[in-house]
$ cat data.txt   # compact mmCIF, C-alpha atoms
# COMPACT_ATOMS: atom_id res chain seq x y z
CA MET A 1 86.34 87.07 126.38
CA VAL A 2 87.30 87.39 122.73
CA ASP A 3 90.07 85.15 121.41
CA LEU A 4 92.86 87.33 120.04
CA PRO A 5 94.59 87.78 117.69
CA LEU A 6 91.53 87.84 115.47
CA PRO A 7 92.12 85.41 112.59
CA PRO A 8 91.44 86.23 108.92
CA GLY A 9 87.90 85.30 107.97
CA SER A 10 86.53 86.90 111.15
CA THR A 11 84.14 89.82 111.00
CA LEU A 12 85.28 93.21 112.28
CA GLY A 13 82.67 95.81 113.22
CA ILE A 14 82.89 99.55 112.55
CA LEU A 15 80.67 102.20 114.12
CA GLY A 16 80.26 104.90 111.49
CA GLY A 17 80.08 104.74 107.72
CA GLY A 18 81.98 107.81 106.53
CA GLN A 19 85.22 108.03 104.58
CA LEU A 20 87.40 106.96 107.50
CA GLY A 21 85.21 103.90 107.95
CA ARG A 22 85.51 103.22 104.22
CA MET A 23 89.30 103.26 104.30
CA LEU A 24 89.33 101.13 107.45
CA ALA A 25 87.04 98.62 105.73
CA LEU A 26 89.30 98.47 102.68
CA ALA A 27 92.35 97.88 104.90
CA ALA A 28 90.51 95.18 106.85
CA ALA A 29 89.50 93.43 103.63
CA ARG A 30 93.12 93.42 102.48
CA LEU A 31 94.00 91.52 105.67
CA GLY A 32 91.26 88.98 105.05
CA PHE A 33 88.55 90.26 107.38
CA ASP A 34 84.87 90.67 106.67
CA VAL A 35 83.46 94.01 107.78
CA ALA A 36 80.11 94.95 109.29
CA VAL A 37 79.25 98.66 109.44
CA LEU A 38 76.63 100.23 111.68
CA GLU A 39 75.48 103.46 110.08
CA ARG A 40 72.28 105.52 109.79
CA ASP A 41 72.69 105.86 106.01
CA ALA A 42 71.99 102.75 103.95
CA ASP A 43 74.32 104.00 101.18
CA SER A 44 77.32 105.13 103.19
CA PRO A 45 80.91 105.35 101.90
CA ALA A 46 81.96 102.53 104.23
CA GLY A 47 78.88 100.44 103.55
CA GLN A 48 79.61 100.47 99.83
CA VAL A 49 82.79 98.44 100.40
CA SER A 50 81.72 96.29 103.37
CA ASN A 51 80.18 92.84 103.68
CA HIS A 52 77.32 93.92 105.93
CA THR A 53 75.57 97.22 106.59
CA ILE A 54 73.36 97.52 109.64
CA VAL A 55 71.15 100.58 109.31
CA GLY A 56 70.35 102.28 112.58
CA ALA A 57 71.34 104.84 115.16
CA TYR A 58 74.69 104.24 116.85
CA ASP A 59 72.99 103.72 120.21
CA ASP A 60 70.00 101.69 118.94
CA PRO A 61 69.94 98.53 121.12
CA LYS A 62 68.51 96.39 118.32
CA ALA A 63 71.14 97.52 115.82
CA LEU A 64 73.93 97.03 118.36
CA ALA A 65 72.69 93.52 119.14
CA GLU A 66 72.74 92.75 115.42
CA LEU A 67 76.30 94.03 115.19
CA ALA A 68 77.35 92.01 118.25
CA ALA A 69 75.91 88.88 116.66
CA VAL A 70 78.36 89.04 113.76
CA ALA A 71 81.39 90.93 115.14
CA LYS A 72 83.17 90.31 118.44
CA VAL A 73 85.69 93.10 117.85
CA VAL A 74 84.40 96.59 117.04
CA THR A 75 86.10 99.90 116.41
CA PHE A 76 84.82 103.33 115.37
CA GLU A 77 85.64 106.02 112.82
CA PHE A 78 84.69 109.10 114.82
CA GLU A 79 85.04 110.15 118.44
CA ASN A 80 81.44 111.18 119.11
CA VAL A 81 80.19 107.62 119.45
CA PRO A 82 77.61 107.61 122.27
CA ALA A 83 79.17 106.18 125.44
CA ARG A 84 76.11 104.02 125.99
CA ALA A 85 76.76 102.32 122.63
CA VAL A 86 80.19 101.18 123.80
CA LEU A 87 78.73 100.02 127.12
CA THR A 88 75.96 98.07 125.36
CA LEU A 89 78.46 96.32 123.08
CA GLN A 90 80.69 95.42 126.02
CA GLN A 91 77.70 93.97 127.88
CA LEU A 92 77.05 91.84 124.79
CA GLY A 93 80.56 90.40 124.99
CA VAL A 94 82.12 92.58 122.30
CA GLU A 95 85.67 93.95 122.52
CA VAL A 96 85.63 97.68 121.63
CA ALA A 97 88.87 99.47 120.79
CA PRO A 98 89.94 102.15 121.43
CA GLY A 99 88.36 101.92 124.86
CA ALA A 100 85.82 103.93 126.79
CA GLU A 101 88.49 105.98 128.60
CA ALA A 102 89.89 107.38 125.37
CA LEU A 103 86.39 108.27 124.18
CA ALA A 104 85.51 110.01 127.44
CA VAL A 105 88.64 112.15 127.28
CA ALA A 106 88.33 113.04 123.60
CA GLN A 107 84.62 113.87 123.80
CA ASP A 108 85.10 116.67 126.35
CA ARG A 109 87.61 119.39 125.45
CA VAL A 110 88.14 120.36 129.08
CA ALA A 111 88.74 116.76 130.17
CA GLU A 112 91.07 116.37 127.19
CA LYS A 113 93.27 119.30 128.17
CA GLN A 114 93.26 118.27 131.81
CA PHE A 115 94.42 114.79 130.81
CA LEU A 116 97.11 116.17 128.49
CA ASN A 117 98.53 118.51 131.12
CA ALA A 118 98.50 115.76 133.75
CA SER A 119 100.37 113.51 131.29
CA GLY A 120 103.12 116.04 130.70
CA ALA A 121 101.77 117.14 127.31
CA PRO A 122 101.51 120.97 127.39
CA THR A 123 98.58 122.92 125.95
CA VAL A 124 97.52 126.56 125.74
CA ALA A 125 95.97 128.11 128.84
CA PHE A 126 92.25 127.33 129.10
CA ALA A 127 89.19 127.61 131.31
CA ALA A 128 85.69 126.18 131.30
CA ALA A 129 82.46 128.19 131.14
CA ASP A 130 78.95 126.87 131.70
CA SER A 131 77.10 130.14 131.13
CA GLY A 132 77.44 133.44 129.35
CA GLU A 133 78.26 135.12 132.65
CA GLU A 134 81.05 132.64 133.35
CA ALA A 135 82.39 133.15 129.82
CA ALA A 136 82.53 136.89 130.40
CA SER A 137 84.31 136.41 133.73
CA VAL A 138 86.87 134.07 132.16
CA ALA A 139 87.49 136.51 129.33
CA ALA A 140 88.04 139.33 131.81
CA VAL A 141 90.66 137.30 133.69
CA MET A 142 92.43 135.69 130.72
CA GLY A 143 92.18 138.65 128.38
CA CYS A 144 91.22 138.63 124.70
CA PRO A 145 91.38 137.41 122.04
CA LEU A 146 90.24 133.93 123.11
CA LEU A 147 88.97 130.98 121.13
CA MET A 148 85.66 129.69 122.46
CA LYS A 149 84.64 126.14 121.61
CA THR A 150 81.78 123.93 122.66
CA ARG A 151 83.07 121.34 125.12
CA ARG A 152 81.49 118.54 123.11
CA GLU A 153 81.20 117.80 119.40
CA GLY A 154 82.23 120.25 116.71
CA TYR A 155 84.74 119.48 113.96
CA ASP A 156 86.30 121.09 110.87
CA GLY A 157 85.96 124.54 112.42
CA LYS A 158 82.36 124.04 113.56
CA GLY A 159 81.37 124.78 117.16
CA GLN A 160 83.98 127.49 117.72
CA ARG A 161 84.33 131.26 117.48
CA TRP A 162 86.86 133.89 118.38
CA VAL A 163 86.10 136.32 121.21
CA GLU A 164 87.86 139.57 120.33
CA HIS A 165 86.52 141.68 123.24
CA VAL A 166 85.44 140.82 126.78
CA GLY A 167 82.04 142.35 126.14
CA ASP A 168 81.41 139.83 123.33
CA ALA A 169 81.95 136.71 125.43
CA ALA A 170 78.38 136.22 126.67
CA ALA A 171 76.88 136.74 123.22
CA THR A 172 79.41 134.35 121.68
CA PHE A 173 78.50 131.75 124.28
CA GLU A 174 74.83 132.02 123.27
CA ALA A 175 75.71 131.98 119.56
CA LEU A 176 77.41 128.62 120.09
CA GLY A 177 74.15 127.23 121.45
CA GLY A 178 74.39 128.17 125.10
CA VAL A 179 76.07 124.86 125.90
CA PRO A 180 79.13 124.26 128.14
CA ALA A 181 82.21 125.72 126.51
CA ILE A 182 85.97 126.03 126.82
CA LEU A 183 87.92 129.23 126.28
CA GLU A 184 91.47 128.87 125.02
CA ALA A 185 94.29 131.36 124.85
CA PRO A 186 95.70 131.85 121.35
CA ALA A 187 98.84 129.94 120.44
CA ASP A 188 101.64 132.01 118.92
CA PHE A 189 102.63 129.22 116.57
CA VAL A 190 104.73 129.20 113.43
CA ARG A 191 103.12 126.12 111.96
CA GLU A 192 100.75 123.27 112.67
CA LEU A 193 102.10 119.75 112.93
CA SER A 194 100.58 116.38 113.70
CA ILE A 195 101.76 112.93 114.62
CA ILE A 196 100.02 109.62 114.02
CA ALA A 197 100.78 106.90 116.55
CA ALA A 198 99.53 103.42 117.32
CA ARG A 199 99.55 101.08 120.31
CA GLY A 200 98.87 97.37 120.15
CA ARG A 201 97.14 95.14 122.65
CA ASP A 202 100.55 94.02 123.89
CA GLY A 203 101.60 97.60 124.66
CA ALA A 204 103.92 97.88 121.66
CA THR A 205 103.90 101.27 119.92
CA ALA A 206 104.52 102.47 116.37
CA ILE A 207 104.87 106.16 115.52
CA TYR A 208 104.86 107.78 112.08
CA PRO A 209 106.95 110.84 111.17
CA LEU A 210 105.42 114.27 111.71
CA ALA A 211 103.25 115.96 109.09
CA GLU A 212 103.04 119.70 108.48
CA ASN A 213 99.43 120.83 108.02
CA HIS A 214 97.69 123.80 106.45
CA HIS A 215 94.07 124.69 107.19
CA GLU A 216 91.60 126.97 105.44
CA GLY A 217 88.37 127.98 107.16
CA GLY A 218 88.94 125.43 109.89
CA ILE A 219 89.22 122.56 107.37
CA LEU A 220 92.45 120.75 106.61
CA ARG A 221 93.59 121.70 103.13
CA ARG A 222 96.90 119.88 102.77
CA SER A 223 99.55 117.94 104.66
CA LEU A 224 103.23 117.56 103.84
CA ALA A 225 105.05 114.54 105.22
CA PRO A 226 107.52 113.70 106.47
CA ALA A 227 107.72 117.27 107.77
CA ASN A 228 111.03 119.07 107.74
CA VAL A 229 111.65 119.28 111.48
CA SER A 230 114.66 119.15 113.78
CA LYS A 231 115.55 115.96 115.62
CA ALA A 232 114.64 117.70 118.88
CA ILE A 233 111.12 118.49 117.70
CA ALA A 234 110.62 114.99 116.30
CA LEU A 235 111.77 113.46 119.58
CA GLU A 236 109.52 115.71 121.66
CA ALA A 237 106.51 114.83 119.49
CA GLU A 238 107.25 111.13 119.89
CA LYS A 239 107.47 111.55 123.67
CA ILE A 240 104.09 113.32 123.71
CA ALA A 241 102.54 110.54 121.63
CA ALA A 242 103.97 107.87 123.93
CA ARG A 243 102.57 109.63 127.01
CA VAL A 244 99.11 109.88 125.44
CA LEU A 245 99.05 106.24 124.38
CA LYS A 246 100.19 104.98 127.77
CA GLY A 247 98.01 107.36 129.77
CA LEU A 248 94.86 106.16 128.00
CA ASN A 249 95.90 102.48 127.96
CA TYR A 250 95.19 102.95 124.28
CA VAL A 251 94.63 100.35 121.55
CA GLY A 252 94.56 101.54 117.94
CA VAL A 253 95.68 104.61 116.02
CA VAL A 254 95.49 108.10 117.47
CA GLY A 255 95.97 111.46 115.76
CA ILE A 256 97.60 114.25 117.78
CA GLU A 257 97.51 117.83 116.48
CA LEU A 258 100.38 120.07 117.58
CA PHE A 259 101.42 123.71 117.47
CA GLU A 260 105.10 124.49 116.94
CA LEU A 261 105.95 127.73 118.74
CA LYS A 262 108.57 130.27 117.74
CA ASP A 263 110.94 129.00 120.44
CA GLY A 264 110.68 125.42 119.18
CA ARG A 265 108.37 124.14 121.91
CA LEU A 266 105.34 122.02 121.06
CA LEU A 267 101.82 122.43 122.41
CA VAL A 268 99.06 119.87 121.90
CA ASN A 269 95.98 121.29 120.21
CA GLU A 270 93.81 118.19 120.43
CA ILE A 271 93.80 114.42 120.15
CA ALA A 272 91.55 112.24 118.00
CA PRO A 273 91.07 108.62 119.12
CA ARG A 274 90.88 107.27 115.58
CA VAL A 275 92.60 107.38 112.24
CA HIS A 276 93.12 110.98 111.17
CA ASN A 277 92.94 113.16 108.07
CA THR A 278 96.56 114.26 108.56
CA GLY A 279 97.62 110.62 108.35
CA HIS A 280 96.21 109.99 104.87
CA TRP A 281 99.68 110.54 103.44
CA THR A 282 100.71 107.18 104.88
CA GLN A 283 98.56 105.39 102.29
CA ASP A 284 101.14 106.12 99.61
CA GLY A 285 104.15 107.05 101.73
CA CYS A 286 104.55 103.94 103.92
CA SER A 287 104.35 100.19 103.44
CA VAL A 288 101.80 99.96 106.28
CA ASP A 289 99.42 102.92 106.37
CA GLN A 290 97.46 104.24 109.34
CA PHE A 291 94.32 102.29 108.37
CA GLU A 292 96.02 98.91 108.24
CA GLN A 293 97.90 99.83 111.41
CA HIS A 294 94.63 100.50 113.21
CA ILE A 295 93.13 97.21 112.06
CA ARG A 296 96.27 95.37 113.14
CA ALA A 297 96.10 96.96 116.58
CA VAL A 298 92.43 96.36 117.36
CA ALA A 299 92.60 92.80 115.96
CA GLY A 300 95.55 91.99 118.21
CA TRP A 301 98.04 91.58 115.35
CA PRO A 302 101.64 92.83 115.51
CA LEU A 303 102.05 96.46 114.49
CA GLY A 304 103.66 97.20 111.15
CA PRO A 305 106.61 99.43 110.21
CA THR A 306 106.19 103.21 110.01
CA ILE A 307 109.33 104.15 108.08
CA PRO A 308 108.34 106.21 105.00
CA HIS A 309 109.55 105.26 101.54
CA SER A 310 108.26 108.46 99.88
CA ARG A 311 107.56 112.11 100.58
CA VAL A 312 103.89 112.95 100.15
CA GLU A 313 101.76 116.05 99.73
CA MET A 314 98.17 115.19 100.66
CA LEU A 315 95.43 117.49 99.30
CA ASN A 316 91.79 117.26 100.36
CA LEU A 317 89.23 117.48 97.56
CA LEU A 318 86.38 119.65 98.83
CA GLY A 319 82.99 120.00 97.19
CA ASP A 320 83.03 120.10 93.39
CA GLU A 321 86.84 119.84 93.35
CA VAL A 322 86.15 116.12 93.06
CA ASP A 323 85.12 116.81 89.46
CA THR A 324 88.79 117.38 88.59
CA TRP A 325 89.39 113.62 88.82
CA ALA A 326 90.00 113.29 85.07
CA LYS A 327 92.77 115.90 85.16
CA LEU A 328 94.28 114.38 88.29
CA ALA A 329 94.27 110.93 86.70
CA HIS A 330 96.71 112.22 84.06
CA GLU A 331 99.30 113.17 86.72
CA PRO A 332 101.74 110.26 87.08
CA ASP A 333 102.79 111.17 90.63
CA THR A 334 99.22 111.52 91.94
CA ARG A 335 97.26 108.81 93.76
CA ILE A 336 93.51 109.40 93.89
CA HIS A 337 91.34 108.35 96.85
CA LEU A 338 87.62 109.07 96.36
CA TYR A 339 85.00 108.41 99.02
CA GLY A 340 81.92 107.39 97.04
CA LYS A 341 79.78 110.25 98.32
CA ARG A 342 76.86 110.84 96.00
CA GLN A 343 76.49 114.59 96.42
CA ALA A 344 79.19 117.25 96.42
CA LYS A 345 78.52 120.11 98.83
CA PRO A 346 80.68 123.18 99.49
CA GLY A 347 83.39 122.29 102.01
CA ARG A 348 82.43 118.61 102.06
CA LYS A 349 85.36 116.20 101.93
CA MET A 350 84.78 114.19 98.76
CA GLY A 351 88.21 112.60 98.50
CA HIS A 352 91.90 113.33 98.66
CA VAL A 353 94.98 112.93 96.52
CA ASN A 354 98.51 112.03 97.49
CA LYS A 355 101.25 113.55 95.37
CA VAL A 356 104.21 111.24 95.79
CA ARG A 357 107.90 112.11 95.63
CA MET A 358 110.68 109.64 96.37
CA LEU A 359 112.78 110.41 99.44
$ encode --input "data.txt" --output "structure tokens"
Amino acid sequence: MVDLPLPPGSTLGILGGGQLGRMLALAAARLGFDVAVLERDADSPAGQVSNHTIVGAYDDPKALAELAAVAKVVTFEFENVPARAVLTLQQLGVEVAPGAEALAVAQDRVAEKQFLNASGAPTVAFAAADSGEEAASVAAVMGCPLLMKTRREGYDGKGQRWVEHVGDAAATFEALGGVPAILEAPADFVRELSIIAARGRDGATAIYPLAENHHEGGILRRSLAPANVSKAIALEAEKIAARVLKGLNYVGVVGIELFELKDGRLLVNEIAPRVHNTGHWTQDGCSVDQFEQHIRAVAGWPLGPTIPHSRVEMLNLLGDEVDTWAKLAHEPDTRIHLYGKRQAKPGRKMGHVNKVRML
């Protein structure tokens, strides 16, 4: 058993060395923790700001043993952590948060929607397909258009395609790799929203205001927060977040993407058992941001306040947009967050900015 709360001076482990890991590491350092990152890249964004970098695959037994030797509490920055990695760490006496149940649900889009519906969190209609023939049968019953996604992995618009006609379903299934898929009915939404919520080890919860999100090509472009929503919508989103946190016996921060329908109802698009891009606004809009909140939760500390002190427009910097840093630095209301990635590629998230306005 790990003694909690974890005191300052302890080492916290992070599986994954991307930008979310980097911002988690910076938040952990601010609270007095050392950070050890397990990542395949020796020069990762998170590794650049951490005390230790362990280079290896996420499920490499030797690398995991090295991580367990220095960190008794471990979290992760992305939901596709191999399940066997979590099991190995637990067998080595390490506390991993969020837990295996949250990972299992989030890693399978069918299991995720089944969990959400069972928890009273509505989603679009959906069905699973394990072959091109099944995909065609589902499309014939549900009607088109349908959004087909791989059941596992895929992010930022990857691993998904629209099926416009029943006759295209089998070919679309093969184009996505011929792997198990989910077909989803389209959502007649007026806008995309998201809510960032946290649950501590004592069961206490903390929920941030909703953000309104705009995507381009499947990639988040900007978020506006707090979103201008009715009290009814805000309350419903908070209820959904509470059901998700309790249903998963969750510890840490979770991101929940929502569709607001024309009639004011909310549908859950997906959940992410980690800090989330649509929560970056909290870095400059709240006294305790989502990254510190996550560290507090997994370390067994009390959760912090979520009341915003500013209105924020968060903009992702994609590809060579990062080269506009000099111009952005002249804007007095703009806070720049760059990720330390060495090479800018089209569509790659290189950083983000928060444009701050007082409430």
$ atom_distance --input "data.txt" --atom1 "atom CA of A:Arg243" --atom2 "atom CA of A:Ser119"
6.2 Å
$ closest_residue --input "data.txt" --among "A:Val74, A:Ala242, A:Leu359, A:Met350" --to "A:Leu6" --atoms "only C-alpha atoms"
A:Val74
$ closest_residue --input "data.txt" --among "A:Gln91, A:Asn228, A:Thr53, A:Thr278" --to "A:Glu39" --atoms "only C-alpha atoms"
A:Thr53
$ residues_around --input "data.txt" --residues "A:Ala63" --least-positions-apart "4" --cutoff "7 Å" --atoms "all atoms listed in the file" --output "ChimeraX atom specification"
/A:54,56,67
$ atom_distance --input "data.txt" --atom1 "atom CA of A:Val138" --atom2 "atom CA of A:Gly159"
18.5 Å
$ residues_around --input "data.txt" --residues "A:Ser44" --least-positions-apart "5" --cutoff "10 Å" --atoms "all atoms listed in the file" --output "NGL selection string"
:A and (16-19 or 21-22 or 37-39 or 49-50 or 53 or 55 or 339-342)
$ residues_near_point --input "data.txt" --point "(85.9, 125.6, 133.3)" --cutoff "12 Å" --atoms "only C-alpha atoms" --output "VMD selection string"
chain A and resid 108 to 111 113 to 114 125 to 131 134 to 135 137 to 139 148 to 151 180 to 184
$ closest_residue --input "data.txt" --among "A:Ile240, A:Val229, A:Leu220, A:Leu176" --to "A:Arg348" --atoms "all atoms listed in the file"
A:Leu220
$ closest_residue --input "data.txt" --among "A:Gln90, A:Gln107, A:Thr282, A:Thr172" --to "A:Glu153" --atoms "all atoms listed in the file"
A:Gln107
$ atom_distance --input "data.txt" --atom1 "atom CA of A:Arg335" --atom2 "atom CA of A:Ala211"
17.9 Å
$ residues_around --input "data.txt" --residues "A:Gly32" --least-positions-apart "5" --cutoff "12 Å" --atoms "only C-alpha atoms" --output "MDAnalysis selection string"
chainID A and resid 6:12 25:27 51 292 295:296 299
$ write_last_selection --input "data.txt" --atoms "C-alpha atoms" --output "PDB file, keeping the file's coordinate frame"
ATOM      1  CA  LEU A   6      91.530  87.840 115.470  1.00  0.00           C
ATOM      2  CA  PRO A   7      92.120  85.410 112.590  1.00  0.00           C
ATOM      3  CA  PRO A   8      91.440  86.230 108.920  1.00  0.00           C
ATOM      4  CA  GLY A   9      87.900  85.300 107.970  1.00  0.00           C
ATOM      5  CA  SER A  10      86.530  86.900 111.150  1.00  0.00           C
ATOM      6  CA  THR A  11      84.140  89.820 111.000  1.00  0.00           C
ATOM      7  CA  LEU A  12      85.280  93.210 112.280  1.00  0.00           C
ATOM      8  CA  ALA A  25      87.040  98.620 105.730  1.00  0.00           C
ATOM      9  CA  LEU A  26      89.300  98.470 102.680  1.00  0.00           C
ATOM     10  CA  ALA A  27      92.350  97.880 104.900  1.00  0.00           C
ATOM     11  CA  ASN A  51      80.180  92.840 103.680  1.00  0.00           C
ATOM     12  CA  GLU A 292      96.020  98.910 108.240  1.00  0.00           C
ATOM     13  CA  ILE A 295      93.130  97.210 112.060  1.00  0.00           C
ATOM     14  CA  ARG A 296      96.270  95.370 113.140  1.00  0.00           C
ATOM     15  CA  ALA A 299      92.600  92.800 115.960  1.00  0.00           C
TER      16      ALA A 299
END
$ residues_around --input "data.txt" --residues "stretch 262-270 of chain A" --least-positions-apart "4" --cutoff "6 Å" --atoms "only C-alpha atoms" --output "list in words"
Pro122, Thr123, Val190, Glu257 and Leu258 of chain A
$ axis_aligned_box --input "data.txt" --around "stretch 310-320 of chain A" --padding-each-side "5 Å" --output "lines of an AutoDock Vina configuration file"
center_x = 95.6
center_y = 114.3
center_z = 97.0
size_x = 35.3
size_y = 21.6
size_z = 17.3
$ closest_residue --input "data.txt" --among "A:Gln160, A:Thr75, A:Asn117, A:Gln343" --to "A:Leu146" --atoms "all atoms listed in the file"
A:Gln160
$ residues_near_point --input "data.txt" --point "(98.6, 108.2, 106.8)" --cutoff "12 Å" --atoms "only C-alpha atoms" --output "VMD selection string"
chain A and resid 20 23 to 24 194 to 198 207 to 211 223 to 226 253 to 255 274 to 294 306 to 308 310 to 314 352 to 354
$ write_last_selection --input "data.txt" --atoms "C-alpha atoms" --output "tab-separated table (two decimals), in the coordinates of the input"
chain	number	residue	atom	x	y	z
A	20	LEU	CA	87.40	106.96	107.50
A	23	MET	CA	89.30	103.26	104.30
A	24	LEU	CA	89.33	101.13	107.45
A	194	SER	CA	100.58	116.38	113.70
A	195	ILE	CA	101.76	112.93	114.62
A	196	ILE	CA	100.02	109.62	114.02
A	197	ALA	CA	100.78	106.90	116.55
A	198	ALA	CA	99.53	103.42	117.32
A	207	ILE	CA	104.87	106.16	115.52
A	208	TYR	CA	104.86	107.78	112.08
A	209	PRO	CA	106.95	110.84	111.17
A	210	LEU	CA	105.42	114.27	111.71
A	211	ALA	CA	103.25	115.96	109.09
A	223	SER	CA	99.55	117.94	104.66
A	224	LEU	CA	103.23	117.56	103.84
A	225	ALA	CA	105.05	114.54	105.22
A	226	PRO	CA	107.52	113.70	106.47
A	253	VAL	CA	95.68	104.61	116.02
A	254	VAL	CA	95.49	108.10	117.47
A	255	GLY	CA	95.97	111.46	115.76
A	274	ARG	CA	90.88	107.27	115.58
A	275	VAL	CA	92.60	107.38	112.24
A	276	HIS	CA	93.12	110.98	111.17
A	277	ASN	CA	92.94	113.16	108.07
A	278	THR	CA	96.56	114.26	108.56
A	279	GLY	CA	97.62	110.62	108.35
A	280	HIS	CA	96.21	109.99	104.87
A	281	TRP	CA	99.68	110.54	103.44
A	282	THR	CA	100.71	107.18	104.88
A	283	GLN	CA	98.56	105.39	102.29
A	284	ASP	CA	101.14	106.12	99.61
A	285	GLY	CA	104.15	107.05	101.73
A	286	CYS	CA	104.55	103.94	103.92
A	287	SER	CA	104.35	100.19	103.44
A	288	VAL	CA	101.80	99.96	106.28
A	289	ASP	CA	99.42	102.92	106.37
A	290	GLN	CA	97.46	104.24	109.34
A	291	PHE	CA	94.32	102.29	108.37
A	292	GLU	CA	96.02	98.91	108.24
A	293	GLN	CA	97.90	99.83	111.41
A	294	HIS	CA	94.63	100.50	113.21
A	306	THR	CA	106.19	103.21	110.01
A	307	ILE	CA	109.33	104.15	108.08
A	308	PRO	CA	108.34	106.21	105.00
A	310	SER	CA	108.26	108.46	99.88
A	311	ARG	CA	107.56	112.11	100.58
A	312	VAL	CA	103.89	112.95	100.15
A	313	GLU	CA	101.76	116.05	99.73
A	314	MET	CA	98.17	115.19	100.66
A	352	HIS	CA	91.90	113.33	98.66
A	353	VAL	CA	94.98	112.93	96.52
A	354	ASN	CA	98.51	112.03	97.49
$ closest_residue --input "data.txt" --among "A:Pro82, A:Gly120, A:Gly252, A:Gly47" --to "A:Lys239" --atoms "only C-alpha atoms"
A:Gly120
$ residues_around --input "data.txt" --residues "A:Arg222" --least-positions-apart "5" --cutoff "6 Å" --atoms "all atoms listed in the file" --output "list of chain:residue names"
A:Asn213, A:His214, A:Met314, A:Leu315
$ decode --input "data.txt" --residues "stretch 159-183 of chain A" --atoms "C-alpha atoms" --output "CSV table (one decimal), in the first residue's frame"
chain,number,residue,atom,x,y,z
A,159,GLY,CA,-9.7,6.3,-37.4
A,160,GLN,CA,-13.1,7.5,-38.6
A,161,ARG,CA,-15.0,8.1,-41.8
A,162,TRP,CA,-18.5,9.0,-42.8
A,163,VAL,CA,-20.7,6.3,-44.6
A,164,GLU,CA,-23.0,8.2,-46.9
A,165,HIS,CA,-24.6,5.2,-48.6
A,166,VAL,CA,-25.3,1.7,-47.4
A,167,GLY,CA,-23.3,0.2,-50.3
A,168,ASP,CA,-20.2,2.0,-49.0
A,169,ALA,CA,-20.2,0.5,-45.6
A,170,ALA,CA,-18.1,-2.6,-46.3
A,171,ALA,CA,-15.5,-0.7,-48.2
A,172,THR,CA,-15.3,1.9,-45.5
A,173,PHE,CA,-14.8,-0.8,-42.9
A,174,GLU,CA,-11.8,-2.1,-44.9
A,175,ALA,CA,-10.5,1.4,-45.4
A,176,LEU,CA,-10.3,1.8,-41.7
A,177,GLY,CA,-8.1,-1.3,-41.5
A,178,GLY,CA,-10.7,-4.1,-41.3
A,179,VAL,CA,-10.7,-3.9,-37.5
A,180,PRO,CA,-13.7,-3.9,-35.1
A,181,ALA,CA,-15.7,-0.7,-35.5
A,182,ILE,CA,-18.6,1.3,-34.2
A,183,LEU,CA,-21.2,3.0,-36.3
